[in-house]
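Visitor: To be precise about what I am sending: the file is called work_29.txt and holds compact mmCIF, C-alpha atoms and all ligand atoms.
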```txt
# COMPACT_ATOMS: atom_id res chain seq x y z
CA MET A 1 77.94 90.39 128.17
CA GLY A 2 79.21 89.89 131.68
CA LEU A 3 82.50 88.86 133.17
CA GLN A 4 80.92 87.37 136.29
CA GLY A 5 83.35 85.39 138.35
CA LYS A 6 86.30 85.98 136.03
CA HIS A 7 89.63 86.60 137.74
CA ILE A 8 91.63 89.24 135.93
CA ILE A 9 95.09 90.63 136.68
CA LEU A 10 95.27 94.23 135.52
CA GLY A 11 98.92 95.19 135.01
CA VAL A 12 99.55 98.93 134.97
CA THR A 13 102.88 100.35 133.79
CA GLY A 14 104.36 103.83 133.86
CA GLY A 15 102.78 105.75 131.02
CA ILE A 16 100.45 108.73 131.03
CA ALA A 17 97.69 106.41 129.75
CA ALA A 18 97.70 104.85 133.25
CA TYR A 19 94.87 107.27 134.12
CA LYS A 20 92.70 105.47 131.56
CA SER A 21 93.34 102.17 133.37
CA VAL A 22 91.28 103.52 136.23
CA MET A 23 88.32 103.68 133.84
CA LEU A 24 89.15 100.22 132.54
CA LEU A 25 89.18 98.88 136.09
CA ARG A 26 85.75 100.41 136.73
CA LEU A 27 84.37 98.82 133.58
CA LEU A 28 85.80 95.41 134.53
CA ILE A 29 84.34 95.59 138.04
CA LYS A 30 80.97 96.72 136.67
CA ALA A 31 81.01 93.76 134.29
CA GLY A 32 81.37 91.45 137.28
CA ALA A 33 85.08 90.59 137.18
CA GLU A 34 87.33 90.22 140.21
CA VAL A 35 90.44 92.29 139.53
CA GLN A 36 93.88 92.25 141.08
CA VAL A 37 95.93 95.27 140.09
CA VAL A 38 99.70 94.88 139.72
CA MET A 39 101.66 98.09 139.17
CA THR A 40 105.24 98.73 138.15
CA PRO A 41 107.14 101.21 140.35
CA ALA A 42 106.97 103.82 137.55
CA ALA A 43 103.17 103.45 137.23
CA LYS A 44 102.81 104.73 140.80
CA GLU A 45 104.28 108.05 139.68
CA PHE A 46 101.24 108.52 137.44
CA VAL A 47 98.34 107.17 139.53
CA LYS A 48 98.25 106.38 143.24
CA PRO A 49 97.75 102.72 144.16
CA LEU A 50 94.95 103.89 146.48
CA THR A 51 92.81 104.80 143.46
CA PHE A 52 93.08 101.26 142.11
CA SER A 53 92.74 99.49 145.44
CA SER A 54 89.62 101.54 146.29
CA LEU A 55 87.96 100.49 143.05
CA SER A 56 89.10 96.86 143.00
CA GLY A 57 88.61 96.24 146.72
CA LYS A 58 92.06 94.59 146.83
CA PRO A 59 95.44 96.02 147.85
CA VAL A 60 97.59 96.75 144.82
CA VAL A 61 100.58 94.46 144.38
CA SER A 62 103.72 96.23 143.28
CA GLU A 63 106.74 95.07 145.26
CA PHE A 64 108.02 91.57 145.91
CA PHE A 65 107.79 92.29 149.66
CA THR A 66 105.79 94.62 151.88
CA ALA A 67 108.64 96.57 153.48
CA ASN A 68 107.51 96.77 157.11
CA THR A 69 105.85 93.34 157.47
CA GLY A 70 108.24 91.36 155.29
CA GLU A 71 105.21 89.74 153.60
CA TRP A 72 106.15 88.10 150.31
CA HIS A 73 103.78 88.49 147.35
CA SER A 74 103.57 85.31 145.37
CA HIS A 75 103.56 85.87 141.63
CA VAL A 76 103.07 82.12 141.23
CA ASP A 77 99.83 82.17 143.25
CA LEU A 78 98.63 85.18 141.27
CA GLY A 79 99.28 83.27 138.05
CA LEU A 80 97.24 80.33 139.31
CA TRP A 81 94.37 82.54 140.49
CA ALA A 82 93.93 84.49 137.25
CA ASP A 83 91.86 83.58 134.18
CA LEU A 84 93.46 86.40 132.17
CA MET A 85 96.21 88.98 132.54
CA VAL A 86 95.71 92.36 130.86
CA ILE A 87 98.53 94.90 130.80
CA ALA A 88 97.20 98.36 130.03
CA PRO A 89 99.01 100.56 129.37
CA ALA A 90 102.02 98.52 128.29
CA THR A 91 105.01 100.82 127.84
CA ALA A 92 107.89 100.18 125.44
CA SER A 93 110.03 99.36 128.45
CA THR A 94 107.66 96.72 129.85
CA ILE A 95 107.12 95.25 126.38
CA GLY A 96 110.92 94.99 125.98
CA LYS A 97 111.28 93.36 129.39
CA MET A 98 108.48 90.88 128.66
CA ALA A 99 109.94 89.94 125.29
CA ASN A 100 113.35 89.33 126.84
CA GLY A 101 112.44 87.90 130.23
CA ILE A 102 113.85 90.75 132.31
CA ALA A 103 111.96 90.05 135.51
CA ASP A 104 113.13 92.97 137.63
CA ASN A 105 109.70 93.95 138.91
CA MET A 106 106.57 92.25 140.19
CA LEU A 107 104.62 92.80 136.98
CA VAL A 108 107.09 91.15 134.59
CA THR A 109 107.70 88.37 137.12
CA THR A 110 103.94 87.75 137.25
CA TYR A 111 103.86 87.69 133.44
CA LEU A 112 106.61 85.07 133.34
CA SER A 113 104.76 82.84 135.79
CA ALA A 114 101.36 83.36 134.13
CA LYS A 115 99.50 80.15 133.29
CA GLU A 116 96.62 82.19 131.90
CA ASP A 117 96.51 84.05 128.59
CA VAL A 118 97.90 87.56 128.38
CA MET A 119 96.73 90.67 126.52
CA ILE A 120 98.55 93.96 126.26
CA ALA A 121 97.39 97.42 125.23
CA PRO A 122 100.57 99.28 124.21
CA ALA A 123 100.82 103.04 124.72
CA MET A 124 103.75 105.22 123.72
CA ASP A 125 104.90 108.00 121.43
CA LEU A 126 104.62 107.31 117.72
CA ASP A 127 108.39 107.15 117.17
CA MET A 128 108.81 104.66 119.97
CA TRP A 129 105.96 102.57 118.57
CA GLN A 130 107.47 102.57 115.08
CA HIS A 131 111.00 101.82 116.26
CA PRO A 132 112.23 98.49 114.89
CA THR A 133 113.11 97.38 118.45
CA THR A 134 109.53 97.87 119.65
CA GLN A 135 108.11 96.20 116.56
CA ARG A 136 110.51 93.27 116.99
CA ASN A 137 109.51 92.91 120.66
CA ILE A 138 105.80 93.09 119.77
CA GLU A 139 106.32 90.37 117.17
CA THR A 140 108.14 88.23 119.74
CA LEU A 141 105.24 88.62 122.19
CA ARG A 142 102.71 87.84 119.47
CA LYS A 143 104.61 84.66 118.63
CA ASP A 144 104.65 83.80 122.33
CA GLY A 145 100.84 83.92 122.24
CA VAL A 146 100.26 87.38 123.73
CA GLU A 147 97.27 89.19 122.23
CA ILE A 148 98.10 92.73 121.20
CA ILE A 149 95.32 95.31 121.44
CA SER A 150 96.59 97.65 118.79
CA PRO A 151 97.23 101.28 119.75
CA GLU A 152 95.18 103.93 117.99
CA LYS A 153 96.12 106.93 115.89
CA GLY A 154 95.48 110.31 117.42
CA GLU A 155 96.74 113.07 119.65
CA LEU A 156 99.54 111.94 121.95
CA ALA A 157 100.48 113.33 125.34
CA SER A 158 103.71 114.68 123.81
CA GLY A 159 101.65 116.92 121.55
CA LEU A 160 102.56 114.84 118.51
CA GLU A 161 99.95 113.12 116.35
CA GLY A 162 100.19 109.52 115.25
CA LYS A 163 99.85 105.88 116.23
CA GLY A 164 100.63 105.12 119.83
CA ARG A 165 97.57 106.11 121.89
CA MET A 166 96.34 103.31 124.08
CA ALA A 167 93.07 101.79 122.88
CA GLU A 168 90.10 103.27 124.73
CA PRO A 169 89.00 101.41 127.91
CA ALA A 170 85.67 100.44 126.28
CA GLU A 171 87.55 98.86 123.41
CA ILE A 172 89.88 96.96 125.74
CA LEU A 173 86.83 95.74 127.65
CA SER A 174 85.27 94.53 124.42
CA SER A 175 88.48 92.62 123.50
CA ILE A 176 88.38 90.99 126.95
CA GLU A 177 84.72 90.05 126.56
CA LYS A 178 85.41 88.68 123.09
CA TYR A 179 88.29 86.64 124.47
CA PHE A 180 86.08 84.96 127.08
CA ALA A 181 83.25 84.46 124.57
CA ASN A 182 85.57 82.73 122.08
CA LYS A 183 87.66 80.73 124.52
CA GLU A 184 86.83 77.05 124.61
CA THR A 185 84.05 77.44 122.03
CA LEU A 186 85.82 74.83 119.91
CA LYS A 187 87.01 72.61 122.77
CA GLY A 188 87.05 68.97 121.71
CA VAL A 189 86.92 69.90 118.02
CA LYS A 190 89.69 68.48 115.83
CA VAL A 191 90.94 70.65 113.00
CA MET A 192 93.40 70.06 110.18
CA VAL A 193 94.97 73.04 108.39
CA THR A 194 97.25 72.73 105.36
CA ALA A 195 99.53 75.73 104.83
CA GLY A 196 102.44 77.09 102.86
CA PRO A 197 103.80 76.09 99.46
CA THR A 198 105.06 72.72 98.30
CA TYR A 199 108.44 72.21 96.67
CA GLU A 200 108.78 69.68 93.89
CA ASN A 201 112.36 68.60 93.36
CA ILE A 202 113.98 68.93 89.95
CA ASP A 203 117.32 67.70 91.28
CA PRO A 204 118.95 67.76 94.75
CA VAL A 205 119.41 71.56 94.66
CA ARG A 206 116.48 72.91 92.63
CA PHE A 207 112.74 72.79 92.87
CA VAL A 208 109.47 73.98 91.35
CA GLY A 209 107.67 76.06 93.98
CA ASN A 210 105.58 79.16 94.56
CA TYR A 211 105.60 82.37 96.59
CA SER A 212 103.25 81.21 99.36
CA SER A 213 104.54 82.35 102.79
CA GLY A 214 102.14 80.19 104.82
CA LYS A 215 101.03 83.26 106.84
CA MET A 216 97.30 82.88 106.13
CA GLY A 217 97.20 79.19 107.06
CA PHE A 218 99.28 79.76 110.20
CA GLU A 219 96.95 82.56 111.33
CA ILE A 220 93.97 80.24 110.82
CA ALA A 221 95.68 77.54 112.89
CA ARG A 222 96.42 80.15 115.60
CA GLU A 223 92.77 81.28 115.64
CA PHE A 224 91.44 77.72 115.98
CA ALA A 225 93.91 77.00 118.80
CA LYS A 226 92.83 80.20 120.59
CA ARG A 227 89.29 78.85 120.64
CA GLY A 228 90.36 75.60 122.22
CA ALA A 229 90.39 73.35 119.13
CA GLU A 230 92.94 70.55 118.74
CA VAL A 231 94.85 71.66 115.67
CA ILE A 232 97.11 69.68 113.39
CA LEU A 233 99.00 71.99 111.08
CA ILE A 234 100.44 70.37 107.97
CA SER A 235 102.93 72.80 106.53
CA GLY A 236 105.07 73.01 103.44
CA PRO A 237 108.51 74.66 103.67
CA VAL A 238 108.06 78.01 105.44
CA THR A 239 110.09 80.02 107.93
CA LEU A 240 107.22 80.57 110.37
CA GLU A 241 107.16 79.44 113.98
CA THR A 242 104.33 77.18 115.13
CA PRO A 243 101.52 79.34 116.59
CA SER A 244 101.09 78.83 120.32
CA GLY A 245 98.43 76.30 121.26
CA VAL A 246 98.72 74.26 118.05
CA ALA A 247 98.69 70.61 119.12
CA GLU A 248 100.78 69.14 116.30
CA ARG A 249 102.82 70.46 113.41
CA VAL A 250 103.77 68.19 110.53
CA ASN A 251 106.40 69.51 108.13
CA VAL A 252 106.31 68.28 104.55
CA VAL A 253 108.06 69.31 101.37
CA SER A 254 106.22 67.97 98.33
CA ALA A 255 102.55 67.72 97.32
CA ASN A 256 102.71 63.93 97.58
CA GLU A 257 104.03 64.12 101.15
CA MET A 258 101.36 66.67 102.06
CA TYR A 259 98.71 64.43 100.54
CA ALA A 260 99.89 61.39 102.56
CA LYS A 261 99.84 63.33 105.86
CA ALA A 262 96.51 65.03 105.13
CA GLU A 263 94.89 61.73 104.15
CA GLU A 264 96.02 60.23 107.45
CA ALA A 265 94.74 63.14 109.57
CA PHE A 266 91.49 63.91 107.72
CA PRO A 267 89.24 61.04 108.93
CA LYS A 268 89.89 62.02 112.57
CA CYS A 269 89.01 65.68 111.98
CA ASP A 270 85.78 67.67 112.28
CA ILE A 271 87.05 70.60 110.23
CA ALA A 272 89.67 70.81 107.46
CA VAL A 273 90.96 74.07 106.01
CA PHE A 274 93.02 73.74 102.85
CA ALA A 275 95.10 76.90 102.85
CA ALA A 276 98.21 75.40 101.24
CA ALA A 277 99.33 76.52 97.80
CA VAL A 278 99.98 73.02 96.53
CA ALA A 279 102.03 72.72 93.34
CA ASP A 280 99.78 71.39 90.58
CA TYR A 281 102.64 69.65 88.77
CA SER A 282 105.97 68.10 89.65
CA PRO A 283 108.89 66.90 87.53
CA VAL A 284 108.22 63.43 86.10
CA GLU A 285 111.53 62.35 87.53
CA ALA A 286 113.79 64.21 89.95
CA ALA A 287 117.43 63.81 88.91
CA ASP A 288 119.48 62.21 91.68
CA LYS A 289 122.52 64.33 90.81
CA LYS A 290 122.69 68.07 90.16
CA ILE A 291 121.78 68.76 86.52
CA LYS A 292 124.86 70.28 84.85
CA ARG A 293 124.69 73.32 82.65
CA GLU A 294 125.59 72.03 79.24
CA ASN A 295 126.09 73.80 76.03
CA LYS A 296 122.36 73.90 75.40
CA ASP A 297 120.20 77.01 75.07
CA GLU A 298 117.09 75.25 76.28
CA LEU A 299 116.32 72.69 78.92
CA THR A 300 113.01 70.89 79.02
CA ILE A 301 111.60 69.62 82.28
CA CYS A 302 108.64 67.34 81.84
CA LEU A 303 105.97 67.74 84.52
CA LYS A 304 103.25 65.40 85.71
CA ARG A 305 100.08 66.24 87.59
CA ASN A 306 100.10 66.16 91.39
CA PRO A 307 97.25 64.78 93.48
CA ASP A 308 94.57 67.35 94.30
CA ILE A 309 94.48 66.93 98.08
CA ALA A 310 91.30 68.94 98.70
CA ALA A 311 89.39 67.30 95.84
CA SER A 312 90.39 63.75 96.85
CA LEU A 313 89.48 64.29 100.50
CA GLY A 314 86.30 66.08 99.40
CA LYS A 315 85.23 62.78 97.80
CA ILE A 316 85.62 60.78 101.01
CA LYS A 317 84.35 63.42 103.39
CA LYS A 318 81.63 62.41 105.86
CA ASN A 319 80.58 65.02 108.41
CA GLN A 320 83.64 67.20 108.13
CA VAL A 321 83.29 70.87 107.33
CA THR A 322 85.82 71.64 104.60
CA VAL A 323 87.05 75.05 103.57
CA GLY A 324 89.19 75.88 100.56
CA PHE A 325 90.95 78.85 99.05
CA ALA A 326 90.93 80.24 95.55
CA LEU A 327 93.67 82.66 94.57
CA GLU A 328 92.65 84.04 91.22
CA THR A 329 93.93 86.55 88.71
CA ASP A 330 90.84 86.63 86.45
CA ASN A 331 87.20 85.44 86.30
CA GLU A 332 87.50 85.31 90.07
CA LEU A 333 83.93 84.56 91.18
CA GLU A 334 83.26 82.07 88.41
CA ASN A 335 86.48 80.12 89.06
CA ALA A 336 85.93 80.11 92.80
CA LYS A 337 82.36 78.81 92.42
CA ARG A 338 83.59 76.01 90.16
CA LYS A 339 86.27 74.98 92.69
CA LEU A 340 83.74 75.08 95.52
CA LYS A 341 81.72 72.44 93.66
CA THR A 342 84.49 70.23 92.26
CA LYS A 343 86.28 70.06 95.60
CA ASN A 344 83.07 69.66 97.63
CA PHE A 345 83.90 72.52 100.02
CA ASP A 346 81.34 73.97 102.44
CA PHE A 347 82.71 77.34 101.53
CA ILE A 348 85.59 78.80 99.61
CA VAL A 349 87.68 81.86 100.42
CA LEU A 350 88.44 83.91 97.36
CA ASN A 351 91.36 86.32 97.18
CA SER A 352 92.27 88.11 94.05
CA LEU A 353 95.80 89.04 93.04
CA LYS A 354 94.21 92.18 91.56
CA ASP A 355 93.63 93.49 95.10
CA PRO A 356 96.74 95.26 96.36
CA GLU A 357 96.00 94.09 99.93
CA ALA A 358 95.75 90.40 98.97
CA GLY A 359 98.20 87.73 98.05
CA PHE A 360 101.46 86.03 98.84
CA LEU A 361 103.98 87.33 101.39
CA LYS A 362 101.63 90.14 102.51
CA ASP A 363 100.44 90.68 106.09
CA THR A 364 96.99 91.74 104.90
CA ASN A 365 94.30 90.05 102.87
CA LYS A 366 90.97 90.93 101.30
CA ILE A 367 88.58 88.04 100.96
CA THR A 368 85.18 87.05 99.65
CA ILE A 369 83.51 83.98 101.14
CA ILE A 370 81.29 81.96 98.82
CA SER A 371 79.13 79.34 100.48
CA ARG A 372 77.69 76.15 99.12
CA ASP A 373 74.19 77.66 99.28
CA GLY A 374 75.30 80.46 96.95
CA GLU A 375 75.77 83.21 99.54
CA VAL A 376 78.57 85.62 98.61
CA LYS A 377 80.02 87.76 101.41
CA GLU A 378 82.70 90.37 100.76
CA PHE A 379 85.00 91.49 103.56
CA GLU A 380 87.14 94.60 103.88
CA ALA A 381 90.93 94.44 103.68
CA LYS A 382 92.24 93.34 107.08
CA THR A 383 95.32 91.84 108.69
CA LYS A 384 95.68 88.12 108.11
CA SER A 385 94.97 87.48 111.78
CA GLU A 386 91.64 89.38 111.55
CA VAL A 387 90.84 87.55 108.31
CA ALA A 388 91.51 84.25 110.11
CA ALA A 389 88.92 85.21 112.75
CA ASP A 390 86.36 86.00 110.01
CA ILE A 391 86.99 82.63 108.37
CA VAL A 392 86.70 80.68 111.64
CA ASN A 393 83.54 82.65 112.53
CA SER A 394 82.01 81.56 109.21
CA ILE A 395 82.32 77.84 110.03
CA LYS A 396 79.06 76.30 111.17
CA LEU A 397 79.53 72.90 112.79
O1 LIG M 401 92.58 74.46 92.04
P1 LIG M 401 93.28 75.36 92.96
O2 LIG M 401 94.71 74.98 93.21
O3 LIG M 401 93.13 76.81 92.68
O4 LIG M 401 92.47 75.11 94.33
C1 LIG M 401 92.82 75.74 95.47
C2 LIG M 401 92.31 74.96 96.66
O5 LIG M 401 92.57 73.57 96.55
C3 LIG M 401 93.06 75.39 97.91
O6 LIG M 401 92.18 75.24 99.00
C4 LIG M 401 94.22 74.40 97.95
O7 LIG M 401 94.75 74.25 99.27
C5 LIG M 401 93.58 73.12 97.44
N1 LIG M 401 94.49 72.26 96.68
C6 LIG M 401 94.90 71.05 97.20
N2 LIG M 401 95.70 70.22 96.46
C7 LIG M 401 96.12 70.59 95.21
C8 LIG M 401 95.74 71.82 94.69
C9 LIG M 401 94.93 72.64 95.45
O8 LIG M 401 94.53 70.71 98.32
N3 LIG M 401 96.91 69.78 94.54
```
Give the structure from the file, written as structure tokens.
Guide:
Amino acid sequence: MGLQGKHIILGVTGGIAAYKSVMLLRLLIKAGAEVQVVMTPAAKEFVKPLTFSSLSGKPVVSEFFTANTGEWHSHVDLGLWADLMVIAPATASTIGKMANGIADNMLVTTYLSAKEDVMIAPAMDLDMWQHPTTQRNIETLRKDGVEIISPEKGELASGLEGKGRMAEPAEILSSIEKYFANKETLKGVKVMVTAGPTYENIDPVRFVGNYSSGKMGFEIAREFAKRGAEVILISGPVTLETPSGVAERVNVVSANEMYAKAEEAFPKCDIAVFAAAVADYSPVEAADKKIKRENKDELTICLKRNPDIAASLGKIKKNQVTVGFALETDNELENAKRKLKTKNFDFIVLNSLKDPEAGFLKDTNKITIISRDGEVKEFEAKTKSEVAADIVNSIKL
């Protein structure tokens, strides 16, 4: 696949992996991209700007000014020109500066003015990679919408072995190609995602709830937004930040509130993904004052059934593609197939609590997708963000 006509900023920072960026630049140029290289001062200690400018056909930008001519390099113009910014290698220092807005060089300044999407390929020693500071900064960048091309395990320049090697240039190129292939593929498509748990009040301080973190639903919303869809994310009480690009987030607490908001959004949507762990029952009556502990050994709370959001909307669905989840502890396939039918889903995503990689509060998941036509597809254990991509890829409009 080509990158004809694509404008890419290649940011190079001061790590030994900078020599691999030369290869990456060659691959990008061969694929048809126009590349502007921006280097940090430290990067120039590893590779000469001349190497990059010879291959890209453009002078490397590194300083705010050209010393002898006084020419100012506009990071704003660069941001407007580019379709994508790729920083490879991204050192711990640059990652820290990006996460905290320390714009003391041309590269970080360009990042802060970037209108285009940004990808980074981190490279550092394994201890630096594992350090909580680096991981916190990576998480901040991820939340800010930066795509992280994960470093690989292997031999490091320090002689140590472990995770921290920059991804190979061919792999970075394939992430870039994938980015352009996916971008805008769902432009104009409206998507509703329900996520997180619901809380059903017992009294003003207590509730019936579940362990759902909302991570899976939020990753799905992020993936749709990345592909240009207009996403409305209806979320129960979670501590997650809204993924970048999501058009609207609606916070709800109870199943009834989630139902009301989902019913309102659903008719305007082309796709609905029901990833929320909706409480099946709620107290018949929530006490308006805190229930006091009395001298009783037992307390009975009477519960009534909540609306089944997915099943109700499944009954009124027209052309929408609907996707549901089944989190099972036993008879997994059988239960999932039954839910697929009763809730009128196009496909259902099964995860089993028996799998150590699946379930609430985890960052990984292991899924099986069962389609309406009976096809059963098992996936390997992956991060929830990779699982989200598999789920979105499985939707046929
Ligand atoms: O029946 P069960 O709760 O296992 O079904 C799970 C699927 O149904 C999920 O997609 C979930 O989001 C959806 N659901 C719902 N409203 C409910 C219960 C489940 O939308 N009250």
Visitor: Could the residues that lie within 6 Å of ligand LIG 401 (chain M), counting all atoms listed in the file, be listed as JSON, numbers by chain?
Guide: {"A": [274, 275, 276, 277, 278, 280, 306, 307, 308, 309, 310, 324, 325, 326]}
Visitor: Skipping near chain neighbours, those fewer than 6 positions away, what residues fall within 12 Å of A:Ala255 using all atoms listed in the file, listed as JSON, numbers by chain?
Guide: {"A": [194, 195, 196, 197, 198, 199, 200, 201, 208, 209, 234, 235, 236, 237, 261, 262, 263, 276, 277, 278, 279, 280, 281, 282, 283, 304, 305, 306, 307, 308, 309, 310]}
Visitor: Report as a count of residues only all protein, DNA and RNA residues lying within 8 Å of stretch 132-135 of chain A, evaluated on all atoms listed in the file, omitting residues in the same chain fewer than 3 positions from it.
Guide: 7
Visitor: Atom CA of A:Phe345 and atom CA of A:Arg227 are how many Å apart?
Guide: 22.2 Å
Visitor: What lies within 8 Å of A:Arg372 using only C-alpha atoms, ignoring chain neighbours under 3 positions off, as a ChimeraX atom specification?
Guide: /A:340-341,345-347,375
Visitor: Taking C-alpha atoms for each residue, export the selection above as a CSV table (one decimal), in the coordinates of the input.
Guide:
```
chain,number,residue,atom,x,y,z
A,340,LEU,CA,83.7,75.1,95.5
A,341,LYS,CA,81.7,72.4,93.7
A,345,PHE,CA,83.9,72.5,100.0
A,346,ASP,CA,81.3,74.0,102.4
A,347,PHE,CA,82.7,77.3,101.5
A,375,GLU,CA,75.8,83.2,99.5
```
Visitor: How many Å separate atom CA of A:Val146 from atom CA of A:Val118?
Guide: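 Computing the Euclidean distance for atom CA of A:Val146 and atom CA of A:Val118 yields 5.2 Å.
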Visitor: Within 9 Å of A:Thr94, counting only C-alpha atoms, which residues qualify if same-chain residues fewer than 2 places away don't, as a PyMOL selection string?
Guide: chain A and resi 13-14+40+90-92+96-99+102+107-108
Visitor: Do you have the atom CA of A:Glu63-atom CA of A:Met106 distance handy?
Guide: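 Answer for the atom CA of A:Glu63 to atom CA of A:Met106 separation: 5.8 Å.
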Visitor: Would you fill out stretch 163-179 of chain A with N, CA and C atoms and return it as a PDB file, keeping the file's coordinate frame?
Guide:
```pdb
ATOM      1  N   LYS A 163     100.266 107.132 115.603  1.00  0.00           N
ATOM      2  CA  LYS A 163      99.850 105.880 116.230  1.00  0.00           C
ATOM      3  C   LYS A 163     100.630 105.668 117.516  1.00  0.00           C
ATOM      4  N   GLY A 164      99.937 105.325 118.575  1.00  0.00           N
ATOM      5  CA  GLY A 164     100.630 105.120 119.830  1.00  0.00           C
ATOM      6  C   GLY A 164      99.704 105.296 121.033  1.00  0.00           C
ATOM      7  N   ARG A 165      98.542 105.936 120.793  1.00  0.00           N
ATOM      8  CA  ARG A 165      97.570 106.110 121.890  1.00  0.00           C
ATOM      9  C   ARG A 165      97.020 104.766 122.324  1.00  0.00           C
ATOM     10  N   MET A 166      96.926 104.569 123.616  1.00  0.00           N
ATOM     11  CA  MET A 166      96.340 103.310 124.080  1.00  0.00           C
ATOM     12  C   MET A 166      94.886 103.206 123.612  1.00  0.00           C
ATOM     13  N   ALA A 167      94.466 102.013 123.253  1.00  0.00           N
ATOM     14  CA  ALA A 167      93.070 101.790 122.880  1.00  0.00           C
ATOM     15  C   ALA A 167      92.183 102.283 124.029  1.00  0.00           C
ATOM     16  N   GLU A 168      91.001 102.755 123.701  1.00  0.00           N
ATOM     17  CA  GLU A 168      90.100 103.270 124.730  1.00  0.00           C
ATOM     18  C   GLU A 168      89.652 102.143 125.668  1.00  0.00           C
ATOM     19  N   PRO A 169      89.407 102.454 126.960  1.00  0.00           N
ATOM     20  CA  PRO A 169      89.000 101.410 127.910  1.00  0.00           C
ATOM     21  C   PRO A 169      87.818 100.568 127.412  1.00  0.00           C
ATOM     22  N   ALA A 170      86.840 101.199 126.756  1.00  0.00           N
ATOM     23  CA  ALA A 170      85.670 100.440 126.280  1.00  0.00           C
ATOM     24  C   ALA A 170      86.096  99.408 125.235  1.00  0.00           C
ATOM     25  N   GLU A 171      87.091  99.799 124.435  1.00  0.00           N
ATOM     26  CA  GLU A 171      87.550  98.860 123.410  1.00  0.00           C
ATOM     27  C   GLU A 171      88.341  97.700 124.018  1.00  0.00           C
ATOM     28  N   ILE A 172      89.128  98.024 125.048  1.00  0.00           N
ATOM     29  CA  ILE A 172      89.880  96.960 125.740  1.00  0.00           C
ATOM     30  C   ILE A 172      88.893  96.004 126.401  1.00  0.00           C
ATOM     31  N   LEU A 173      87.857  96.587 127.027  1.00  0.00           N
ATOM     32  CA  LEU A 173      86.830  95.740 127.650  1.00  0.00           C
ATOM     33  C   LEU A 173      86.204  94.826 126.608  1.00  0.00           C
ATOM     34  N   SER A 174      85.931  95.369 125.423  1.00  0.00           N
ATOM     35  CA  SER A 174      85.270  94.530 124.420  1.00  0.00           C
ATOM     36  C   SER A 174      86.211  93.418 123.927  1.00  0.00           C
ATOM     37  N   SER A 175      87.530  93.693 123.853  1.00  0.00           N
ATOM     38  CA  SER A 175      88.480  92.620 123.500  1.00  0.00           C
ATOM     39  C   SER A 175      88.489  91.536 124.578  1.00  0.00           C
ATOM     40  N   ILE A 176      88.374  91.965 125.839  1.00  0.00           N
ATOM     41  CA  ILE A 176      88.380  90.990 126.950  1.00  0.00           C
ATOM     42  C   ILE A 176      87.114  90.133 126.891  1.00  0.00           C
ATOM     43  N   GLU A 177      85.985  90.802 126.636  1.00  0.00           N
ATOM     44  CA  GLU A 177      84.720  90.050 126.560  1.00  0.00           C
ATOM     45  C   GLU A 177      84.744  89.072 125.388  1.00  0.00           C
ATOM     46  N   LYS A 178      85.305  89.543 124.271  1.00  0.00           N
ATOM     47  CA  LYS A 178      85.410  88.680 123.090  1.00  0.00           C
ATOM     48  C   LYS A 178      86.284  87.469 123.391  1.00  0.00           C
ATOM     49  N   TYR A 179      87.376  87.729 124.112  1.00  0.00           N
ATOM     50  CA  TYR A 179      88.290  86.640 124.470  1.00  0.00           C
ATOM     51  C   TYR A 179      87.549  85.552 125.247  1.00  0.00           C
TER      52      TYR A 179
END
```
